[in-house]
>>> print(open('work_12.cif').read())   # mmCIF, C-alpha atoms
data_work
#
loop_
_atom_site.label_atom_id
_atom_site.label_comp_id
_atom_site.auth_asym_id
_atom_site.auth_seq_id
_atom_site.Cartn_x
_atom_site.Cartn_y
_atom_site.Cartn_z
CA MET A 668 -89.42 57.79 -75.51
CA GLU A 669 -90.28 54.85 -77.72
CA LYS A 670 -91.70 52.92 -74.80
CA TYR A 671 -94.18 55.79 -74.17
CA GLU A 672 -95.24 56.03 -77.80
CA PRO A 673 -98.07 53.43 -77.52
CA ILE A 674 -99.44 55.30 -74.51
CA PHE A 675 -99.39 58.61 -76.46
CA ARG A 676 -101.13 56.89 -79.40
CA VAL A 677 -103.87 55.55 -77.09
CA ILE A 678 -104.34 59.01 -75.56
CA GLU A 679 -104.41 60.61 -79.03
CA ILE A 680 -106.99 58.10 -80.32
CA THR A 681 -109.07 58.53 -77.15
CA LEU A 682 -109.05 62.32 -77.55
CA GLN A 683 -110.00 62.06 -81.23
CA LEU A 684 -112.83 59.68 -80.37
CA ALA A 685 -114.05 62.02 -77.62
CA LEU A 686 -113.94 64.93 -80.07
CA VAL A 687 -115.98 62.98 -82.66
CA ILE A 688 -118.57 62.02 -80.01
CA PHE A 689 -118.76 65.62 -78.76
CA ALA A 690 -119.20 66.95 -82.32
CA GLY A 691 -121.93 64.34 -83.00
CA LEU A 692 -123.81 65.34 -79.85
CA ALA A 693 -123.53 69.03 -80.72
CA LEU A 694 -124.86 68.36 -84.24
CA SER A 695 -127.70 66.28 -82.85
CA LEU A 696 -128.71 69.04 -80.41
CA TRP A 697 -128.53 71.65 -83.17
CA LYS A 698 -130.75 69.55 -85.47
CA ARG A 699 -133.26 68.98 -82.65
CA LYS A 700 -133.37 72.72 -81.96
CA ILE A 701 -133.94 73.52 -85.66
CA ARG A 702 -136.66 70.85 -85.94
CA GLY A 703 -138.28 72.20 -82.80
CA LYS A 704 -138.35 75.72 -84.23
CA ASP A 705 -139.83 74.47 -87.51
CA LYS A 706 -142.43 72.41 -85.67
CA TYR A 707 -143.31 75.40 -83.48
CA ARG A 708 -143.62 77.71 -86.50
CA LEU A 709 -145.84 75.19 -88.32
CA ALA A 710 -148.09 74.72 -85.28
CA LYS A 711 -148.37 78.47 -84.71
CA ASN A 712 -149.24 79.13 -88.37
CA LEU A 713 -151.85 76.37 -88.35
CA LEU A 714 -153.40 77.70 -85.16
CA GLU A 715 -153.54 81.19 -86.68
CA TYR A 716 -155.31 79.74 -89.72
CA ILE A 717 -157.70 77.65 -87.62
CA LYS A 718 -158.48 80.62 -85.39
CA GLU A 719 -159.99 82.42 -88.36
CA LEU A 720 -162.17 79.52 -89.53
CA ARG A 721 -165.88 80.02 -89.17
CA PHE A 722 -168.18 77.04 -89.54
CA LEU A 723 -171.69 77.80 -90.72
CA ILE A 724 -174.15 74.94 -90.38
CA HIS A 725 -177.33 75.26 -92.38
CA SER A 726 -179.99 72.89 -91.08
CA LYS A 727 -182.58 71.37 -93.40
CA ASN A 728 -185.29 72.69 -91.07
CA GLY A 729 -184.09 76.26 -91.59
CA SER A 730 -181.93 76.70 -88.48
CA PHE A 731 -178.53 78.31 -88.77
CA TYR A 732 -175.48 77.75 -86.54
CA GLN A 733 -172.24 79.68 -86.48
CA ILE A 734 -169.33 77.92 -84.79
CA TYR A 735 -165.75 78.87 -84.07
CA LEU A 736 -163.31 76.26 -82.77
CA ASN A 737 -162.72 78.38 -79.70
CA ASP A 738 -166.34 77.57 -78.73
CA ILE A 739 -165.18 74.01 -78.12
CA LEU A 740 -162.04 74.98 -76.21
CA VAL A 741 -163.83 77.44 -73.91
CA ASP A 742 -166.49 74.99 -72.71
CA LYS A 743 -166.37 71.59 -74.37
CA GLU A 744 -169.30 70.07 -72.43
CA LYS A 745 -171.61 73.00 -73.19
CA PHE A 746 -170.61 72.98 -76.85
CA TYR A 747 -171.45 69.31 -77.47
CA LYS A 748 -174.42 69.21 -75.10
CA ASP A 749 -176.12 72.52 -75.96
CA GLN A 750 -174.81 74.03 -79.18
CA LEU A 751 -174.85 70.77 -81.18
CA SER A 752 -177.73 69.09 -79.35
CA LEU A 753 -180.19 69.25 -82.26
CA ILE A 754 -177.79 68.49 -85.11
CA GLY A 755 -174.83 66.65 -83.56
CA LYS A 756 -175.97 63.16 -84.56
CA GLU A 757 -176.75 64.04 -88.19
CA LYS A 758 -174.42 62.87 -90.96
CA ILE A 759 -172.07 65.57 -92.10
CA TYR A 760 -172.35 67.07 -95.56
CA PHE A 761 -170.50 70.06 -96.99
CA ASP A 762 -170.96 72.72 -99.60
CA GLN A 763 -168.20 73.44 -102.12
CA SER A 764 -166.29 75.63 -99.62
CA ILE A 765 -164.77 72.45 -98.11
CA TRP A 766 -162.50 72.21 -101.16
CA GLY A 767 -160.75 75.42 -100.05
CA LEU A 768 -159.83 74.03 -96.61
CA PHE A 769 -156.04 74.02 -96.03
CA ASN A 770 -155.45 75.11 -99.62
CA HIS A 771 -152.19 76.73 -98.46
CA LEU A 772 -150.80 73.31 -97.42
CA ASN A 773 -150.10 70.19 -99.37
CA ILE A 774 -150.83 67.78 -96.56
CA ARG A 775 -150.22 64.61 -98.51
CA SER A 776 -146.77 65.56 -99.83
CA ASP A 777 -145.32 67.73 -97.03
CA ILE A 778 -142.68 65.47 -95.52
CA PHE A 779 -141.91 67.96 -92.77
CA LEU A 780 -145.33 67.70 -91.12
CA PRO A 781 -145.15 65.84 -87.81
CA LYS A 782 -146.81 62.42 -88.14
CA GLN A 783 -149.55 63.03 -85.55
CA ILE A 784 -150.50 66.40 -87.08
CA ARG A 785 -150.49 64.91 -90.60
CA LEU A 786 -152.85 62.13 -89.53
CA LEU A 787 -155.25 64.58 -87.89
CA LEU A 788 -155.16 66.91 -90.90
CA GLU A 789 -155.86 64.01 -93.27
CA GLU A 790 -159.00 63.20 -91.27
CA LEU A 791 -160.27 66.75 -91.86
CA TYR A 792 -158.98 67.44 -95.35
CA PRO A 793 -161.17 66.37 -98.28
CA ILE A 794 -159.38 63.89 -100.52
CA SER A 795 -162.34 63.07 -102.73
CA GLY A 796 -166.07 63.53 -102.66
CA LYS A 797 -169.27 63.40 -104.60
CA ARG A 798 -171.98 65.95 -105.16
CA ILE A 799 -175.19 64.42 -103.85
CA SER A 800 -177.57 67.29 -104.48
CA ALA A 801 -177.79 70.69 -106.09
CA ASN A 802 -180.64 71.63 -103.73
CA LYS A 803 -179.12 72.92 -100.49
CA ASN A 804 -182.44 72.74 -98.61
CA GLN A 805 -182.58 68.93 -98.60
CA HIS A 806 -179.69 68.32 -96.18
CA THR A 807 -178.06 69.82 -93.13
CA TYR A 808 -174.66 70.91 -94.36
CA LEU A 809 -171.54 72.71 -93.23
CA GLN A 810 -170.14 75.74 -94.98
CA LEU A 811 -166.71 77.15 -94.20
CA GLY A 812 -166.71 80.91 -93.87
CA SER A 813 -163.63 83.10 -93.95
CA ILE A 814 -161.83 81.02 -96.58
CA GLU A 815 -161.86 81.39 -100.33
CA THR A 816 -164.35 79.02 -101.92
CA PRO A 817 -162.85 77.47 -105.01
CA SER A 818 -164.74 77.27 -108.27
CA ILE A 819 -165.55 73.67 -109.09
CA LYS A 820 -166.07 72.70 -112.72
CA SER A 821 -167.68 69.57 -113.99
CA ILE A 822 -165.69 67.67 -116.57
CA GLU A 823 -168.73 65.77 -117.83
CA SER A 824 -171.28 68.54 -118.23
CA GLY A 825 -168.96 71.51 -118.72
CA GLU A 826 -170.76 73.50 -116.01
CA ASP A 827 -168.77 76.39 -114.58
CA SER A 828 -169.92 75.88 -111.01
CA MET A 829 -170.76 72.70 -109.20
CA ASP A 830 -172.59 74.45 -106.37
CA GLY A 831 -174.38 71.97 -104.16
CA ILE A 832 -174.07 69.51 -101.30
CA TYR A 833 -171.15 67.07 -101.11
CA HIS A 834 -170.22 64.09 -99.01
CA MET A 835 -166.55 63.36 -98.67
CA ASP A 836 -165.50 59.76 -99.27
CA ASN A 837 -163.27 59.71 -96.19
CA LYS A 838 -166.10 61.17 -94.05
CA LYS A 839 -169.11 59.20 -95.34
CA HIS A 840 -170.37 57.93 -92.01
CA LEU A 841 -169.16 60.82 -89.86
CA THR A 842 -171.62 62.84 -87.77
CA ILE A 843 -171.36 66.57 -87.18
CA GLU A 844 -170.32 65.97 -83.56
CA GLU A 845 -167.59 63.49 -84.57
CA TYR A 846 -166.31 65.98 -87.13
CA PHE A 847 -165.90 68.69 -84.50
CA ARG A 848 -164.23 66.22 -82.12
CA LYS A 849 -161.57 65.73 -84.82
CA TRP A 850 -161.05 69.49 -84.94
CA GLU A 851 -160.78 69.54 -81.16
CA ARG A 852 -158.05 66.84 -81.22
CA LEU A 853 -156.10 68.75 -83.88
CA THR A 854 -156.29 72.00 -81.94
CA VAL A 855 -155.18 70.33 -78.70
CA GLU A 856 -152.20 68.66 -80.47
CA LEU A 857 -151.14 71.96 -82.02
CA GLN A 858 -151.40 73.74 -78.67
CA LYS A 859 -149.10 71.11 -77.12
CA ILE A 860 -146.39 72.09 -79.61
CA VAL A 861 -146.83 75.82 -79.09
#
>>> encode(input="work_12.cif", output="structure tokens")
Amino acid sequence: MEKYEPIFRVIEITLQLALVIFAGLALSLWKRKIRGKDKYRLAKNLLEYIKELRFLIHSKNGSFYQIYLNDILVDKEKFYKDQLSLIGKEKIYFDQSIWGLFNHLNIRSDIFLPKQIRLLLEELYPISGKRISANKNQHTYLQLGSIETPSIKSIESGEDSMDGIYHMDNKKHLTIEEYFRKWERLTVELQKIV
């Protein structure tokens, strides 16, 4: 029996090693499944939020445009060629409603956001900006409908509302068409997850 003891030890160690490997694989699959569910839930919630967004573009010449992101997804060529033909190349400015965009997320600190989605959201989310005019008739600007517009207060002047036109520092040289192309990329990425 003693001469078989090393063989039994090798078999025992091999079985223990196989059990550890099997348990590690099972844990890895479980984690992947949980992450997949979380990623799916996040993408679905973001798509539900985005679905409700309404973009109102007020042109300095008095024209008015109402855009939903589904307009892009239904017929991308028609959207960029026809719907944005007169204003697509203009620099993008916003009213104060932009500060309410994604107010239910903390994009910069949410460590569970997938990297690609985080990068796309950061391109759309206002980090900082400057009011360039109080007169909304001077510029073509974008207003976000269907979200709560936050009240902006000036620290310097003590004004209750900083209503006006803003340019975002991370979107200074962005055109209206380029802005909507970023939304298109985000929507496509989210749809890949769902």
>>> resolve_selection(input="work_12.cif", expression="the PyMOL selection byres ((chain A and resi 737) around 12)", output="PyMOL selection string")
chain A and resi 714-715+717-722+733-736+738-743+746+847+850-851+854-855
>>> closest_residue(input="work_12.cif", among="A:Ser818, A:Gln763, A:Gln783, A:Asn773", to="A:Met835", atoms="only C-alpha atoms")
A:Gln763
>>> closest_residue(input="work_12.cif", among="A:Ile784, A:Glu856, A:Asp762, A:Leu768", to="A:Ala801", atoms="all atoms listed in the file")
A:Asp762
>>> resolve_selection(input="work_12.cif", expression="the PyMOL selection byres ((chain A and resi 695-710) around 12)", output="PyMOL selection string")
chain A and resi 688-694+711-718+772+777+779-785+788+853-861
>>> resolve_selection(input="work_12.cif", expression="the PyMOL selection byres ((chain A and resi 797) around 8)", output="ChimeraX atom specification")
/A:795-796,798-799,833-836
>>> residues_around(input="work_12.cif", residues="A:Glu815", least_positions_apart="5", cutoff="10 Å", atoms="all atoms listed in the file", output="list in words")
Ser764, Ile765, Trp766, Gly767, Leu768 and Asn770 of chain A
>>> atom_distance(input="work_12.cif", atom1="atom CA of A:Asn728", atom2="atom CA of A:Pro793")
26.0 Å
>>> atom_distance(input="work_12.cif", atom1="atom CA of A:His840", atom2="atom CA of A:Ile794")
15.1 Å
>>> atom_distance(input="work_12.cif", atom1="atom CA of A:Tyr792", atom2="atom CA of A:Ile724")
17.6 Å
>>> closest_residue(input="work_12.cif", among="A:Glu672, A:Asn804, A:Gly831, A:Ile678", to="A:Ile819", atoms="only C-alpha atoms")
A:Gly831
>>> closest_residue(input="work_12.cif", among="A:Thr816, A:Ile778, A:Asn837, A:Glu844", to="A:Asp749", atoms="only C-alpha atoms")
A:Glu844
>>> closest_residue(input="work_12.cif", among="A:Asp830, A:His771, A:Arg848, A:Tyr747", to="A:Lys803", atoms="all atoms listed in the file")
A:Asp830
>>> decode(input="work_12.cif", residues="stretch 839-853 of chain A", atoms="all heavy atoms", output="JSON list (two decimals), in the first residue's frame")
[["chain", "number", "residue", "atom", "x", "y", "z"],
["A", 839, "LYS", "N", -16.60, 73.70, -28.49],
["A", 839, "LYS", "CA", -16.43, 75.04, -29.06],
["A", 839, "LYS", "C", -16.49, 75.09, -30.57],
["A", 839, "LYS", "O", -17.09, 75.97, -31.14],
["A", 839, "LYS", "CB", -15.09, 75.62, -28.60],
["A", 839, "LYS", "CG", -15.21, 76.63, -27.52],
["A", 839, "LYS", "CD", -13.87, 77.25, -27.24],
["A", 839, "LYS", "CE", -13.94, 78.00, -25.94],
["A", 839, "LYS", "NZ", -12.67, 78.50, -25.51],
["A", 840, "HIS", "N", -15.85, 74.16, -31.23],
["A", 840, "HIS", "CA", -15.74, 74.22, -32.69],
["A", 840, "HIS", "C", -16.62, 73.19, -33.37],
["A", 840, "HIS", "O", -16.42, 72.87, -34.53],
["A", 840, "HIS", "CB", -14.27, 74.03, -33.10],
["A", 840, "HIS", "CG", -13.36, 75.01, -32.42],
["A", 840, "HIS", "ND1", -13.38, 76.36, -32.71],
["A", 840, "HIS", "CD2", -12.44, 74.85, -31.45],
["A", 840, "HIS", "CE1", -12.49, 76.97, -31.95],
["A", 840, "HIS", "NE2", -11.91, 76.07, -31.18],
["A", 841, "LEU", "N", -17.60, 72.69, -32.67],
["A", 841, "LEU", "CA", -18.48, 71.64, -33.16],
["A", 841, "LEU", "C", -19.63, 72.26, -33.95],
["A", 841, "LEU", "O", -20.21, 73.27, -33.52],
["A", 841, "LEU", "CB", -19.02, 70.86, -31.96],
["A", 841, "LEU", "CG", -19.56, 69.48, -32.15],
["A", 841, "LEU", "CD1", -18.48, 68.54, -32.69],
["A", 841, "LEU", "CD2", -20.06, 68.95, -30.82],
["A", 842, "THR", "N", -19.97, 71.65, -35.09],
["A", 842, "THR", "CA", -21.14, 72.12, -35.85],
["A", 842, "THR", "C", -22.37, 71.33, -35.39],
["A", 842, "THR", "O", -22.24, 70.29, -34.73],
["A", 842, "THR", "CB", -20.94, 71.92, -37.36],
["A", 842, "THR", "OG1", -20.86, 70.52, -37.63],
["A", 842, "THR", "CG2", -19.70, 72.65, -37.86],
["A", 843, "ILE", "N", -23.52, 71.79, -35.81],
["A", 843, "ILE", "CA", -24.77, 71.11, -35.45],
["A", 843, "ILE", "C", -24.77, 69.69, -36.02],
["A", 843, "ILE", "O", -25.14, 68.74, -35.34],
["A", 843, "ILE", "CB", -25.98, 71.93, -35.94],
["A", 843, "ILE", "CG1", -26.07, 73.24, -35.14],
["A", 843, "ILE", "CG2", -27.27, 71.13, -35.84],
["A", 843, "ILE", "CD1", -27.11, 74.22, -35.63],
["A", 844, "GLU", "N", -24.32, 69.54, -37.26],
["A", 844, "GLU", "CA", -24.27, 68.21, -37.88],
["A", 844, "GLU", "C", -23.33, 67.28, -37.12],
["A", 844, "GLU", "O", -23.67, 66.13, -36.84],
["A", 844, "GLU", "CB", -23.82, 68.31, -39.33],
["A", 844, "GLU", "CG", -23.76, 66.97, -40.02],
["A", 844, "GLU", "CD", -23.35, 67.06, -41.48],
["A", 844, "GLU", "OE1", -23.54, 68.12, -42.11],
["A", 844, "GLU", "OE2", -22.82, 66.06, -41.99],
["A", 845, "GLU", "N", -22.16, 67.75, -36.74],
["A", 845, "GLU", "CA", -21.20, 66.93, -36.00],
["A", 845, "GLU", "C", -21.77, 66.52, -34.64],
["A", 845, "GLU", "O", -21.54, 65.40, -34.17],
["A", 845, "GLU", "CB", -19.88, 67.68, -35.80],
["A", 845, "GLU", "CG", -19.11, 67.90, -37.08],
["A", 845, "GLU", "CD", -17.96, 68.89, -36.92],
["A", 845, "GLU", "OE1", -18.01, 69.74, -35.99],
["A", 845, "GLU", "OE2", -17.03, 68.83, -37.73],
["A", 846, "TYR", "N", -22.52, 67.43, -34.01],
["A", 846, "TYR", "CA", -23.14, 67.13, -32.74],
["A", 846, "TYR", "C", -24.12, 65.97, -32.87],
["A", 846, "TYR", "O", -24.11, 65.03, -32.07],
["A", 846, "TYR", "CB", -23.84, 68.38, -32.19],
["A", 846, "TYR", "CG", -24.46, 68.19, -30.84],
["A", 846, "TYR", "CD1", -23.68, 68.06, -29.69],
["A", 846, "TYR", "CD2", -25.85, 68.16, -30.68],
["A", 846, "TYR", "CE1", -24.26, 67.89, -28.44],
["A", 846, "TYR", "CE2", -26.43, 68.00, -29.44],
["A", 846, "TYR", "CZ", -25.63, 67.86, -28.32],
["A", 846, "TYR", "OH", -26.21, 67.69, -27.09],
["A", 847, "PHE", "N", -24.95, 65.99, -33.91],
["A", 847, "PHE", "CA", -25.91, 64.92, -34.09],
["A", 847, "PHE", "C", -25.24, 63.62, -34.53],
["A", 847, "PHE", "O", -25.74, 62.54, -34.25],
["A", 847, "PHE", "CB", -27.03, 65.34, -35.04],
["A", 847, "PHE", "CG", -28.06, 66.19, -34.36],
["A", 847, "PHE", "CD1", -28.12, 67.55, -34.60],
["A", 847, "PHE", "CD2", -28.94, 65.64, -33.44],
["A", 847, "PHE", "CE1", -29.04, 68.34, -33.94],
["A", 847, "PHE", "CE2", -29.87, 66.42, -32.78],
["A", 847, "PHE", "CZ", -29.92, 67.78, -33.03],
["A", 848, "ARG", "N", -24.11, 63.70, -35.18],
["A", 848, "ARG", "CA", -23.36, 62.47, -35.53],
["A", 848, "ARG", "C", -22.85, 61.79, -34.25],
["A", 848, "ARG", "O", -22.78, 60.57, -34.18],
["A", 848, "ARG", "CB", -22.22, 62.78, -36.49],
["A", 848, "ARG", "CG", -22.73, 63.13, -37.88],
["A", 848, "ARG", "CD", -21.69, 62.98, -38.95],
["A", 848, "ARG", "NE", -22.19, 63.41, -40.23],
["A", 848, "ARG", "CZ", -22.83, 62.64, -41.09],
["A", 848, "ARG", "NH1", -23.08, 61.38, -40.78],
["A", 848, "ARG", "NH2", -23.24, 63.11, -42.25],
["A", 849, "LYS", "N", -22.50, 62.58, -33.24],
["A", 849, "LYS", "CA", -22.09, 62.01, -31.95],
["A", 849, "LYS", "C", -23.27, 61.29, -31.29],
["A", 849, "LYS", "O", -23.11, 60.21, -30.73],
["A", 849, "LYS", "CB", -21.54, 63.09, -31.03],
["A", 849, "LYS", "CG", -20.19, 63.64, -31.49],
["A", 849, "LYS", "CD", -19.71, 64.72, -30.57],
["A", 849, "LYS", "CE", -18.43, 65.33, -31.04],
["A", 849, "LYS", "NZ", -17.29, 64.43, -31.05],
["A", 850, "TRP", "N", -24.45, 61.87, -31.37],
["A", 850, "TRP", "CA", -25.64, 61.22, -30.83],
["A", 850, "TRP", "C", -25.92, 59.93, -31.58],
["A", 850, "TRP", "O", -26.31, 58.92, -30.99],
["A", 850, "TRP", "CB", -26.86, 62.15, -30.92],
["A", 850, "TRP", "CG", -26.96, 63.10, -29.79],
["A", 850, "TRP", "CD1", -26.67, 64.43, -29.81],
["A", 850, "TRP", "CD2", -27.37, 62.81, -28.45],
["A", 850, "TRP", "NE1", -26.87, 64.98, -28.56],
["A", 850, "TRP", "CE2", -27.31, 64.01, -27.72],
["A", 850, "TRP", "CE3", -27.77, 61.65, -27.81],
["A", 850, "TRP", "CZ2", -27.64, 64.07, -26.38],
["A", 850, "TRP", "CZ3", -28.11, 61.72, -26.47],
["A", 850, "TRP", "CH2", -28.04, 62.92, -25.77],
["A", 851, "GLU", "N", -25.73, 59.96, -32.88],
["A", 851, "GLU", "CA", -25.94, 58.76, -33.70],
["A", 851, "GLU", "C", -25.00, 57.64, -33.26],
["A", 851, "GLU", "O", -25.42, 56.49, -33.08],
["A", 851, "GLU", "CB", -25.71, 59.09, -35.17],
["A", 851, "GLU", "CG", -25.84, 57.91, -36.09],
["A", 851, "GLU", "CD", -25.41, 58.24, -37.51],
["A", 851, "GLU", "OE1", -25.15, 59.41, -37.83],
["A", 851, "GLU", "OE2", -25.31, 57.28, -38.30],
["A", 852, "ARG", "N", -23.72, 57.96, -33.06],
["A", 852, "ARG", "CA", -22.74, 56.95, -32.62],
["A", 852, "ARG", "C", -23.12, 56.36, -31.26],
["A", 852, "ARG", "O", -23.03, 55.16, -31.04],
["A", 852, "ARG", "CB", -21.33, 57.54, -32.58],
["A", 852, "ARG", "CG", -20.70, 57.67, -33.94],
["A", 852, "ARG", "CD", -19.20, 57.88, -33.89],
["A", 852, "ARG", "NE", -18.74, 59.00, -33.11],
["A", 852, "ARG", "CZ", -18.62, 60.25, -33.54],
["A", 852, "ARG", "NH1", -18.94, 60.54, -34.78],
["A", 852, "ARG", "NH2", -18.20, 61.20, -32.77],
["A", 853, "LEU", "N", -23.56, 57.23, -30.33],
["A", 853, "LEU", "CA", -23.97, 56.74, -29.02],
["A", 853, "LEU", "C", -25.15, 55.80, -29.13],
["A", 853, "LEU", "O", -25.16, 54.72, -28.54],
["A", 853, "LEU", "CB", -24.33, 57.91, -28.10],
["A", 853, "LEU", "CG", -24.91, 57.51, -26.74],
["A", 853, "LEU", "CD1", -23.90, 56.76, -25.89],
["A", 853, "LEU", "CD2", -25.43, 58.74, -25.99]]
